[in-house]
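Source file: coords_34.txt. Holds: compact mmCIF, C-alpha atoms.
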```txt
# COMPACT_ATOMS: atom_id res chain seq x y z
CA MET A 6 0.00 0.00 0.00
CA PHE A 7 1.17 3.49 -0.89
CA ASN A 8 2.30 5.36 2.20
CA PRO A 9 3.34 9.00 1.58
CA SER A 10 5.04 9.26 4.95
CA LEU A 11 7.44 6.51 3.89
CA THR A 12 8.04 7.57 0.30
CA THR A 13 8.90 11.18 1.06
CA PRO A 14 12.19 10.38 2.80
CA ILE A 15 12.99 7.83 0.08
CA VAL A 16 12.45 10.43 -2.66
CA ALA A 17 14.51 12.95 -0.71
CA ALA A 18 17.30 10.45 -0.26
CA SER A 19 17.19 9.63 -3.97
CA VAL A 20 17.49 13.29 -4.90
CA ILE A 21 20.46 13.67 -2.59
CA LEU A 22 22.05 10.56 -4.13
CA LEU A 23 21.50 11.85 -7.66
CA LEU A 24 22.96 15.22 -6.74
CA SER A 25 25.98 13.52 -5.28
CA LEU A 26 26.50 11.71 -8.60
CA ASP A 27 26.44 14.93 -10.61
CA PRO A 28 30.07 15.56 -11.49
CA PHE A 29 29.45 19.28 -11.84
CA ALA A 30 27.68 19.65 -8.52
CA THR A 31 29.46 21.44 -5.74
CA ALA A 32 31.21 18.88 -3.61
CA SER A 33 33.65 18.93 -0.78
CA PRO A 34 37.25 18.93 -1.99
CA ILE A 35 37.98 16.61 0.92
CA GLY A 36 37.43 12.87 0.79
CA GLY A 37 38.20 12.22 -2.87
CA ASP A 38 39.40 8.94 -4.32
CA ALA A 39 43.18 9.09 -4.52
CA GLN A 40 43.40 6.10 -6.85
CA ARG A 41 41.08 7.74 -9.33
CA GLY A 42 42.92 10.99 -8.74
CA LYS A 43 46.04 9.35 -10.08
CA ASP A 44 44.24 8.94 -13.41
CA VAL A 45 43.04 12.54 -13.34
CA TYR A 46 46.64 13.59 -12.69
CA GLN A 47 47.55 12.27 -16.15
CA ARG A 48 46.11 15.52 -17.45
CA CYS A 49 48.73 17.46 -15.55
CA LEU A 50 51.69 15.52 -16.92
CA GLY A 51 52.16 17.78 -19.92
CA CYS A 52 53.65 20.36 -17.56
CA HIS A 53 53.98 18.89 -14.06
CA SER A 54 55.40 15.89 -12.28
CA LEU A 55 55.44 14.87 -8.66
CA LYS A 56 59.19 14.84 -8.25
CA ILE A 57 60.73 17.48 -10.49
CA ASN A 58 60.16 21.04 -11.59
CA ARG A 59 59.18 21.06 -15.25
CA THR A 60 57.18 23.66 -17.18
CA GLY A 61 55.20 23.75 -13.94
CA PRO A 62 56.52 23.22 -10.42
CA ARG A 63 56.86 19.81 -8.74
CA HIS A 64 53.93 18.60 -6.69
CA CYS A 65 55.47 16.50 -3.93
CA GLY A 66 54.68 18.19 -0.65
CA LEU A 67 52.22 20.60 -2.23
CA LEU A 68 49.56 20.35 0.49
CA GLY A 69 50.55 22.70 3.27
CA ARG A 70 53.11 24.57 1.18
CA LYS A 71 52.97 28.33 0.75
CA ALA A 72 52.26 29.11 -2.92
CA GLY A 73 55.24 30.19 -4.98
CA THR A 74 57.89 28.76 -2.70
CA GLN A 75 59.03 25.54 -4.37
CA PRO A 76 62.82 25.95 -4.66
CA GLY A 77 64.26 26.06 -8.17
CA TYR A 78 61.04 27.10 -9.89
CA ASN A 79 60.53 30.49 -11.46
CA TYR A 80 57.00 31.52 -10.45
CA SER A 81 54.86 34.32 -11.77
CA LYS A 82 54.72 37.45 -9.64
CA ALA A 83 51.04 36.78 -9.10
CA MET A 84 51.73 33.39 -7.56
CA THR A 85 54.63 34.56 -5.44
CA GLU A 86 52.58 37.40 -4.02
CA SER A 87 49.33 35.49 -3.69
CA GLY A 88 49.65 34.73 0.00
CA ILE A 89 47.97 31.39 -0.64
CA THR A 90 48.79 28.31 1.38
CA TRP A 91 47.77 25.14 -0.43
CA THR A 92 45.01 23.31 1.36
CA ALA A 93 42.22 21.16 -0.06
CA GLU A 94 40.00 24.23 -0.15
CA THR A 95 42.47 26.67 -1.74
CA LEU A 96 43.52 24.04 -4.30
CA ASP A 97 39.89 23.32 -5.11
CA ASP A 98 39.26 27.00 -5.72
CA PHE A 99 42.40 27.43 -7.84
CA LEU A 100 41.92 24.29 -9.91
CA THR A 101 38.34 25.23 -10.74
CA ALA A 102 39.57 28.14 -12.87
CA PRO A 103 43.23 29.06 -12.27
CA LEU A 104 43.19 32.32 -14.21
CA LYS A 105 40.06 33.53 -12.47
CA ALA A 106 41.27 32.48 -9.05
CA LEU A 107 44.66 34.05 -9.57
CA PRO A 108 44.92 36.44 -12.55
CA GLY A 109 48.48 36.61 -13.75
CA THR A 110 49.35 33.01 -12.99
CA SER A 111 51.40 31.34 -15.70
CA MET A 112 49.19 28.26 -15.47
CA GLY A 113 47.39 28.77 -18.75
CA TYR A 114 44.76 26.14 -18.18
CA ALA A 115 41.00 26.48 -18.16
CA GLY A 116 40.58 24.36 -15.05
CA VAL A 117 39.14 21.08 -13.83
CA ARG A 118 35.41 21.56 -14.13
CA SER A 119 34.21 18.46 -12.34
CA ALA A 120 34.13 18.82 -8.55
CA THR A 121 34.59 15.06 -8.24
CA ASP A 122 37.69 15.13 -10.44
CA ARG A 123 39.09 17.97 -8.36
CA ALA A 124 38.43 16.15 -5.09
CA ASP A 125 40.05 12.99 -6.45
CA LEU A 126 43.00 14.95 -7.77
CA ILE A 127 43.49 16.68 -4.43
CA ALA A 128 43.23 13.32 -2.65
CA TYR A 129 45.99 11.99 -4.91
CA LEU A 130 48.18 15.03 -4.37
CA SER A 131 47.73 14.70 -0.63
CA THR A 132 49.35 11.25 -0.83
CA ALA A 133 52.41 12.72 -2.53
CA MET A 134 54.16 14.19 0.46
CA ASP A 135 57.91 14.57 0.74
CA GLY A 136 59.40 11.40 2.12
CA THR A 137 56.75 9.11 0.65
CA VAL A 138 57.77 6.39 -1.82
CA GLN A 139 56.47 8.25 -4.84
CA CYS A 140 58.44 11.36 -3.90
CA LYS A 141 61.84 9.72 -3.35
CA MET B 13 78.55 24.45 -44.64
CA CYS B 14 78.87 20.86 -43.67
CA ALA B 15 81.05 19.87 -40.77
CA PRO B 16 83.84 17.47 -41.76
CA GLN B 17 82.55 14.80 -39.39
CA SER B 18 79.18 14.80 -41.18
CA LEU B 19 80.78 14.21 -44.56
CA GLN B 20 82.98 11.53 -43.04
CA LEU B 21 79.87 9.88 -41.68
CA LEU B 22 78.21 9.77 -45.06
CA THR B 23 81.33 8.33 -46.64
CA GLU B 24 81.49 5.60 -44.02
CA LEU B 25 77.85 4.78 -44.52
CA LYS B 26 78.21 4.54 -48.28
CA ALA B 27 81.13 2.18 -47.87
CA GLU B 28 79.23 0.10 -45.37
CA THR B 29 76.10 -0.22 -47.51
CA ARG B 30 78.03 -0.42 -50.80
CA ARG B 31 75.59 1.87 -52.49
CA GLU B 32 76.00 4.81 -54.77
CA PRO B 33 76.07 8.29 -53.34
CA PHE B 34 72.87 9.69 -51.99
CA HIS B 35 71.17 12.69 -53.39
CA ASP B 36 72.75 15.99 -52.46
CA SER B 37 69.86 16.79 -50.18
CA ALA B 38 70.90 13.87 -48.00
CA ILE B 39 74.19 15.56 -47.36
CA PHE B 40 72.51 18.79 -46.44
CA HIS B 41 70.09 16.91 -44.26
CA THR B 42 72.82 15.08 -42.42
CA CYS B 43 74.78 18.28 -42.01
CA ARG B 44 71.79 20.03 -40.59
CA LEU B 45 71.14 17.26 -38.10
CA ALA B 46 74.75 17.05 -37.06
CA GLU B 47 75.10 20.76 -36.59
CA ASN B 48 71.73 21.74 -35.27
CA THR B 49 70.50 18.85 -33.21
CA HIS B 50 73.75 17.68 -31.67
CA PHE B 51 73.12 14.03 -32.32
CA SER B 52 75.88 11.66 -31.45
CA GLU B 53 77.61 10.01 -34.39
CA ALA B 54 76.10 6.67 -33.42
CA SER B 55 72.59 8.09 -33.56
CA LEU B 56 73.17 9.76 -36.90
CA LYS B 57 74.58 6.59 -38.36
CA LYS B 58 71.65 4.59 -37.10
CA MET B 59 69.21 7.08 -38.54
CA GLU B 60 70.95 7.13 -41.91
CA LYS B 61 70.78 3.37 -42.02
CA SER B 62 67.11 3.50 -41.18
CA MET B 63 66.37 5.85 -44.04
CA PHE B 64 68.53 3.90 -46.44
CA THR B 65 66.79 0.65 -45.55
CA GLU B 66 63.47 2.29 -46.20
CA PHE B 67 64.77 3.48 -49.54
CA MET B 68 65.85 0.00 -50.56
CA THR B 69 62.76 -1.73 -49.23
CA ASN B 70 60.05 0.55 -50.44
CA GLY B 71 61.68 2.03 -53.48
CA MET B 72 61.23 5.49 -52.10
CA THR B 73 63.35 8.19 -53.49
CA ARG B 74 66.02 9.38 -51.15
CA ARG B 75 64.53 12.83 -51.16
CA ARG B 76 61.16 11.45 -50.12
CA ALA B 77 62.68 9.35 -47.36
CA ILE B 78 64.31 12.43 -45.96
CA LYS B 79 61.07 14.31 -46.02
CA THR B 80 59.41 11.48 -44.14
CA VAL B 81 61.85 11.78 -41.29
CA GLY B 82 62.51 15.49 -41.23
CA ALA B 83 59.33 17.10 -42.43
CA THR B 84 59.78 20.81 -42.79
CA THR B 85 56.39 22.08 -43.80
CA LEU B 86 55.77 25.59 -42.63
CA SER B 87 52.03 25.46 -42.35
CA ALA B 88 51.83 25.34 -38.55
CA ALA B 89 54.36 28.13 -38.17
CA ALA B 90 52.62 30.22 -40.77
CA VAL B 91 49.26 29.72 -39.11
CA ALA B 92 50.58 30.62 -35.67
CA VAL B 93 52.36 33.74 -36.85
CA LEU B 94 49.26 34.72 -38.73
CA GLY B 95 47.32 34.34 -35.51
CA GLY B 96 49.66 36.72 -33.75
CA ARG B 97 49.54 39.22 -36.59
CA ASP B 98 45.76 39.17 -36.63
CA ALA B 99 45.69 40.10 -32.98
CA LEU B 100 47.95 43.06 -33.68
CA ALA B 101 46.26 44.13 -36.88
CA ALA B 102 42.91 44.30 -35.18
CA GLY B 103 44.25 47.22 -33.17
CA ALA B 104 43.23 45.52 -29.98
CA THR B 105 45.50 45.42 -26.99
CA VAL B 106 47.53 42.26 -27.11
CA SER B 107 46.47 40.04 -24.26
CA ALA B 108 49.23 39.50 -21.72
CA GLN B 109 47.35 36.37 -20.74
CA ASP B 110 47.56 35.02 -24.28
CA VAL B 111 51.28 35.70 -24.39
CA SER B 112 51.71 33.91 -21.07
CA ILE B 113 49.77 30.87 -22.29
CA LEU B 114 51.83 30.75 -25.48
CA ASN B 115 55.03 30.95 -23.46
CA THR B 116 53.93 28.12 -21.18
CA ALA B 117 53.19 26.03 -24.26
CA LEU B 118 56.56 26.98 -25.72
CA GLY B 119 58.29 25.79 -22.54
CA ALA B 120 56.53 22.44 -22.79
CA GLU B 121 57.41 22.08 -26.50
CA LEU B 122 61.08 22.77 -25.78
CA GLU B 123 60.99 20.09 -23.11
CA ALA B 124 59.39 17.65 -25.58
CA ILE B 125 62.18 18.30 -28.09
CA ALA B 126 64.74 17.47 -25.40
CA ALA B 127 62.79 14.39 -24.33
CA TYR B 128 62.78 12.98 -27.87
CA GLN B 129 66.48 13.77 -28.10
CA THR B 130 67.04 11.70 -24.98
CA GLY B 131 64.98 8.87 -26.42
CA ALA B 132 66.73 9.02 -29.78
CA GLU B 133 70.13 8.88 -28.18
CA SER B 134 69.23 6.14 -25.71
CA GLY B 135 70.32 3.40 -28.09
CA LEU B 136 67.13 1.54 -27.16
CA LEU B 137 65.10 2.33 -30.28
CA SER B 138 64.87 0.20 -33.38
CA ASN B 139 65.48 1.92 -36.69
CA ALA B 140 61.80 2.16 -37.46
CA THR B 141 60.94 3.59 -34.04
CA LEU B 142 63.83 5.99 -34.20
CA GLY B 143 62.45 7.35 -37.45
CA ILE B 144 59.10 7.96 -35.79
CA ALA B 145 60.70 9.61 -32.77
CA LEU B 146 62.68 11.96 -34.99
CA GLN B 147 59.63 12.83 -37.02
CA PHE B 148 57.70 13.69 -33.87
CA GLN B 149 60.62 15.67 -32.53
CA GLY B 150 60.54 17.59 -35.81
CA HIS B 151 56.87 18.40 -35.22
CA HIS B 152 57.64 19.72 -31.76
CA LYS B 153 60.38 21.88 -33.24
CA GLU B 154 57.85 23.32 -35.65
CA HIS B 155 55.41 23.95 -32.81
CA ALA B 156 58.13 25.64 -30.76
CA ASP B 157 59.23 27.76 -33.69
CA ALA B 158 55.68 28.87 -34.40
CA LEU B 159 54.97 29.66 -30.75
CA MET B 160 58.23 31.53 -30.33
CA LYS B 161 57.59 33.68 -33.41
CA THR B 162 54.07 34.42 -32.25
CA VAL B 163 55.23 35.45 -28.77
CA VAL B 164 57.76 37.80 -30.37
CA LYS B 165 55.14 39.12 -32.79
CA MET B 166 52.91 39.91 -29.86
CA GLY B 167 55.67 41.83 -28.11
CA GLY B 168 56.49 39.16 -25.54
CA LYS B 169 59.78 37.60 -24.59
CA PRO B 170 59.85 33.92 -25.51
CA VAL B 171 61.16 31.47 -22.95
CA SER B 172 64.36 29.66 -23.82
CA ALA B 173 65.18 25.99 -23.58
CA LYS B 174 66.68 24.99 -20.26
CA ALA B 175 70.37 24.23 -20.17
CA SER B 176 69.42 20.72 -19.11
CA TYR B 177 66.27 18.74 -18.44
CA GLU B 178 65.71 16.16 -15.78
CA PHE B 179 64.21 13.01 -17.29
CA PRO B 180 63.77 9.60 -15.65
CA VAL B 181 66.59 8.08 -17.70
CA ASP B 182 67.30 5.50 -14.99
CA GLN B 183 63.86 4.05 -15.71
CA LEU B 184 64.41 3.78 -19.47
CA LYS B 185 65.67 0.23 -19.95
CA SER B 186 63.90 -0.82 -23.13
CA GLU B 187 62.26 0.55 -26.25
CA ALA B 188 58.87 0.12 -24.58
CA ASP B 189 60.03 2.26 -21.65
CA VAL B 190 61.03 5.05 -24.03
CA LEU B 191 57.77 4.79 -25.95
CA ARG B 192 55.74 4.84 -22.73
CA PHE B 193 57.66 7.86 -21.48
CA ALA B 194 56.99 9.69 -24.74
CA ALA B 195 53.34 8.63 -24.76
CA THR B 196 52.86 10.01 -21.25
CA LEU B 197 54.28 13.37 -22.30
CA GLU B 198 52.17 13.47 -25.46
CA LYS B 199 48.99 12.64 -23.56
CA GLY B 200 49.83 15.36 -21.06
CA ALA B 201 50.41 17.76 -23.93
CA VAL B 202 46.98 16.96 -25.35
CA SER B 203 45.41 17.81 -21.99
CA ALA B 204 47.48 20.97 -21.66
CA TYR B 205 46.41 22.30 -25.07
CA LEU B 206 42.84 21.25 -24.37
CA GLY B 207 42.99 23.35 -21.23
CA ALA B 208 44.46 26.29 -23.13
CA VAL B 209 42.10 26.40 -26.11
CA PRO B 210 39.07 27.85 -24.26
CA ILE B 211 40.98 30.62 -22.50
CA PHE B 212 42.74 32.32 -25.39
CA GLN B 213 41.22 35.73 -25.79
CA ASP B 214 42.28 35.79 -29.45
CA ARG B 215 40.27 33.00 -31.02
CA GLU B 216 42.79 32.65 -33.87
CA LEU B 217 45.32 31.59 -31.26
CA ALA B 218 42.82 29.09 -29.88
CA LYS B 219 42.53 27.66 -33.37
CA VAL B 220 46.28 27.32 -33.62
CA ALA B 221 46.42 25.61 -30.21
CA ALA B 222 43.70 23.20 -31.34
CA SER B 223 45.73 22.45 -34.46
CA ILE B 224 48.74 21.56 -32.32
CA LEU B 225 46.51 19.53 -29.99
CA GLY B 226 45.45 17.40 -32.94
CA ASP B 227 49.06 16.70 -33.81
CA GLU B 228 49.94 15.75 -30.22
CA ALA B 229 46.95 13.41 -30.12
CA MET B 230 48.18 11.67 -33.25
CA HIS B 231 51.60 11.25 -31.65
CA TRP B 232 49.98 9.73 -28.59
CA ALA B 233 47.95 7.30 -30.70
CA VAL B 234 50.93 6.19 -32.78
CA LEU B 235 53.05 5.65 -29.67
CA ARG B 236 50.29 3.60 -28.06
CA HIS B 237 49.99 1.55 -31.24
CA ALA B 238 53.75 0.94 -31.20
CA LEU B 239 53.37 -0.29 -27.62
CA GLY B 240 50.70 -2.76 -28.72
CA GLU B 241 47.99 -0.82 -26.90
CA ASN B 242 44.67 0.42 -28.20
CA PRO B 243 45.76 3.54 -30.07
CA VAL B 244 42.52 5.40 -29.48
CA PRO B 245 41.21 4.21 -26.11
CA VAL B 246 38.61 6.91 -25.55
CA ALA B 247 36.07 8.89 -27.53
CA PHE B 248 36.86 12.11 -25.67
CA VAL B 249 40.20 13.31 -24.38
CA SER B 250 40.41 15.21 -21.12
```
As structure tokens, please, write out the structure in this file.
Amino acid sequence: MFNPSLTTPIVAASVILLLSLDPFATASPIGGDAQRGKDVYQRCLGCHSLKINRTGPRHCGLLGRKAGTQPGYNYSKAMTESGITWTAETLDDFLTAPLKALPGTSMGYAGVRSATDRADLIAYLSTAMDGTVQCK
Amino acid sequence: MCAPQSLQLLTELKAETRREPFHDSAIFHTCRLAENTHFSEASLKKMEKSMFTEFMTNGMTRRRAIKTVGATTLSAAAVAVLGGRDALAAGATVSAQDVSILNTALGAELEAIAAYQTGAESGLLSNATLGIALQFQGHHKEHADALMKTVVKMGGKPVSAKASYEFPVDQLKSEADVLRFAATLEKGAVSAYLGAVPIFQDRELAKVAASILGDEAMHWAVLRHALGENPVPVAFVS
């Protein structure tokens, strides 16, 4: 028998579930899938790597680092003077649209549109801390 | 002018293969490679053999074989410079952001040229693969040249190649390793250009970037094919 008092929470839960599956929905940059983030990171490999400075700076130890301070890399003035410290939140904001978040950055890249991709990417980057196997 | 060692190399190769002299353009080509790309003698010799084998096998003219390896079409450069000139001719302020994006791309292209150089000189590539690597390196040189000229045209200062690049040479133990390394860079380049196309303020520059993106994607596919992998694994690149 149809019982509205039971179906309402089910419908609500379904809507929440569907929203959570929308890759373009706003999502927390925390709690991403690091394994999947490794795949997303392939997009970055034209300019970046974990271990070495390339066209872009190295990413090992990025989380917690003050922006524009990786030794041996020639940053834009905008990045050096940004005052940003890289956290999941600041990275999420920057990666969404780098040139909007920080005009003058030399990262000429439109951004990672999907919130899920960004969260996964940040999760992967958070595993790449100095001293870890992938950063040696 | 041709360096004496380049002429000596050709003479040795002729003696080794017991064939008649190559077309004059081969000499110029070898000279150019020896003097401009700083290949080791071993690499040059290997490459010459590769081209000569192709000549004998497929009946290609020597001139055509050379073109296959060292394509020198100017279309990409012409298009890119045209893009820069359009931006200036329109009387609009040249976008500093566009210049910055072009310079970032130029830096990546210069790195790609060095990466292929490392692969070519690794001694790990078969003749056929070496020919492909050199052709792709030639494309990256054309991209770099076009980007550099456009940056200059737009009043910017183009970035220069680094004195040295840090590549994971200790991990390159086989031809497959070299191909995989190159494929990773090419795939990354596709993503980088894809990320640049939408943000160029001058849409002619976006078109040029898309043109280069297409070329990088072809490189990626060919390298994957050479590795025995599905050359086109996805319908959309990201």
key: Shell of 9 Å around range 108-124 of chain B, all atoms listed in the file, local chain residues under 6 positions omitted, as a ChimeraX atom specification   = /A:51-52,59-61,104,108-114 /B:149,152-153,155-160,162-163,166-174,177,194,197-198,201,204-205,208,211-214,217,221
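Between Thr132 in chain A and the residues A:Ile57, A:Val117, A:Leu68, A:Leu100, the shortest atom-to-atom distance, using all atoms listed in the file, involves A:Leu68.
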query = What is the distance between CA of Ala145 in chain B and CA of His231 in chain B, in Å to one decimal?
reply =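 Spanning CA of Ala145 in chain B to CA of His231 in chain B is a straight-line distance of 9.3 Å.
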message = Using all atoms listed in the file for the distances, tell me which of A:Ala128, A:Leu55, A:Ala102, A:Ala115 is nearest to chain B.
response =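 Checking each of A:Ala128, A:Leu55, A:Ala102, A:Ala115 against chain B, counting all atoms listed in the file, the winner is A:Ala115.
Near Gln183 in chain B, within 12 Å and counting all atoms listed in the file, sit Gly131, Ser134, Asp189, Val190, Leu191, Arg192 and Phe193 of chain B; same-chain residues fewer than 6 positions away were not included.
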request  = Could you check which of B:Gly226, B:Pro245, B:Gly200, B:Gly240 is closest to chain A, using all atoms listed in the file?
outcome  =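 Closest to chain A of all the choices is B:Gly200.
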task = Enter the distance from CA of Thr130 in chain B to CA of Glu187 in chain B, in Å, rounded to one decimal.
result = 12.2 Å
task = Between B:Ser250, B:Ser107, B:Gly207, B:Leu146, single out the one closest to Pro103 in chain A, counting only C-alpha atoms.
result = B:Gly207
ask   = How many Å lie between CA of Tyr46 in chain A and CA of Leu225 in chain B, rounded to one decimal?
value =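 Pair CA of Tyr46 in chain A / CA of Leu225 in chain B returns 18.3 Å.
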inquiry  = Using only C-alpha atoms for the distances, tell me which of B:Ala233, B:Val164, B:Leu239, B:Val202 is nearest to chain A.
reply    =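 Of B:Ala233, B:Val164, B:Leu239, B:Val202, the one nearest chain A is B:Val202, counting only C-alpha atoms.
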query = Counting all atoms listed in the file, which of A:Ile35, A:Cys49, A:Leu67, A:Ile127 gets nearest to chain B?
reply =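 Using all atoms listed in the file, chain B sits closest to A:Cys49.
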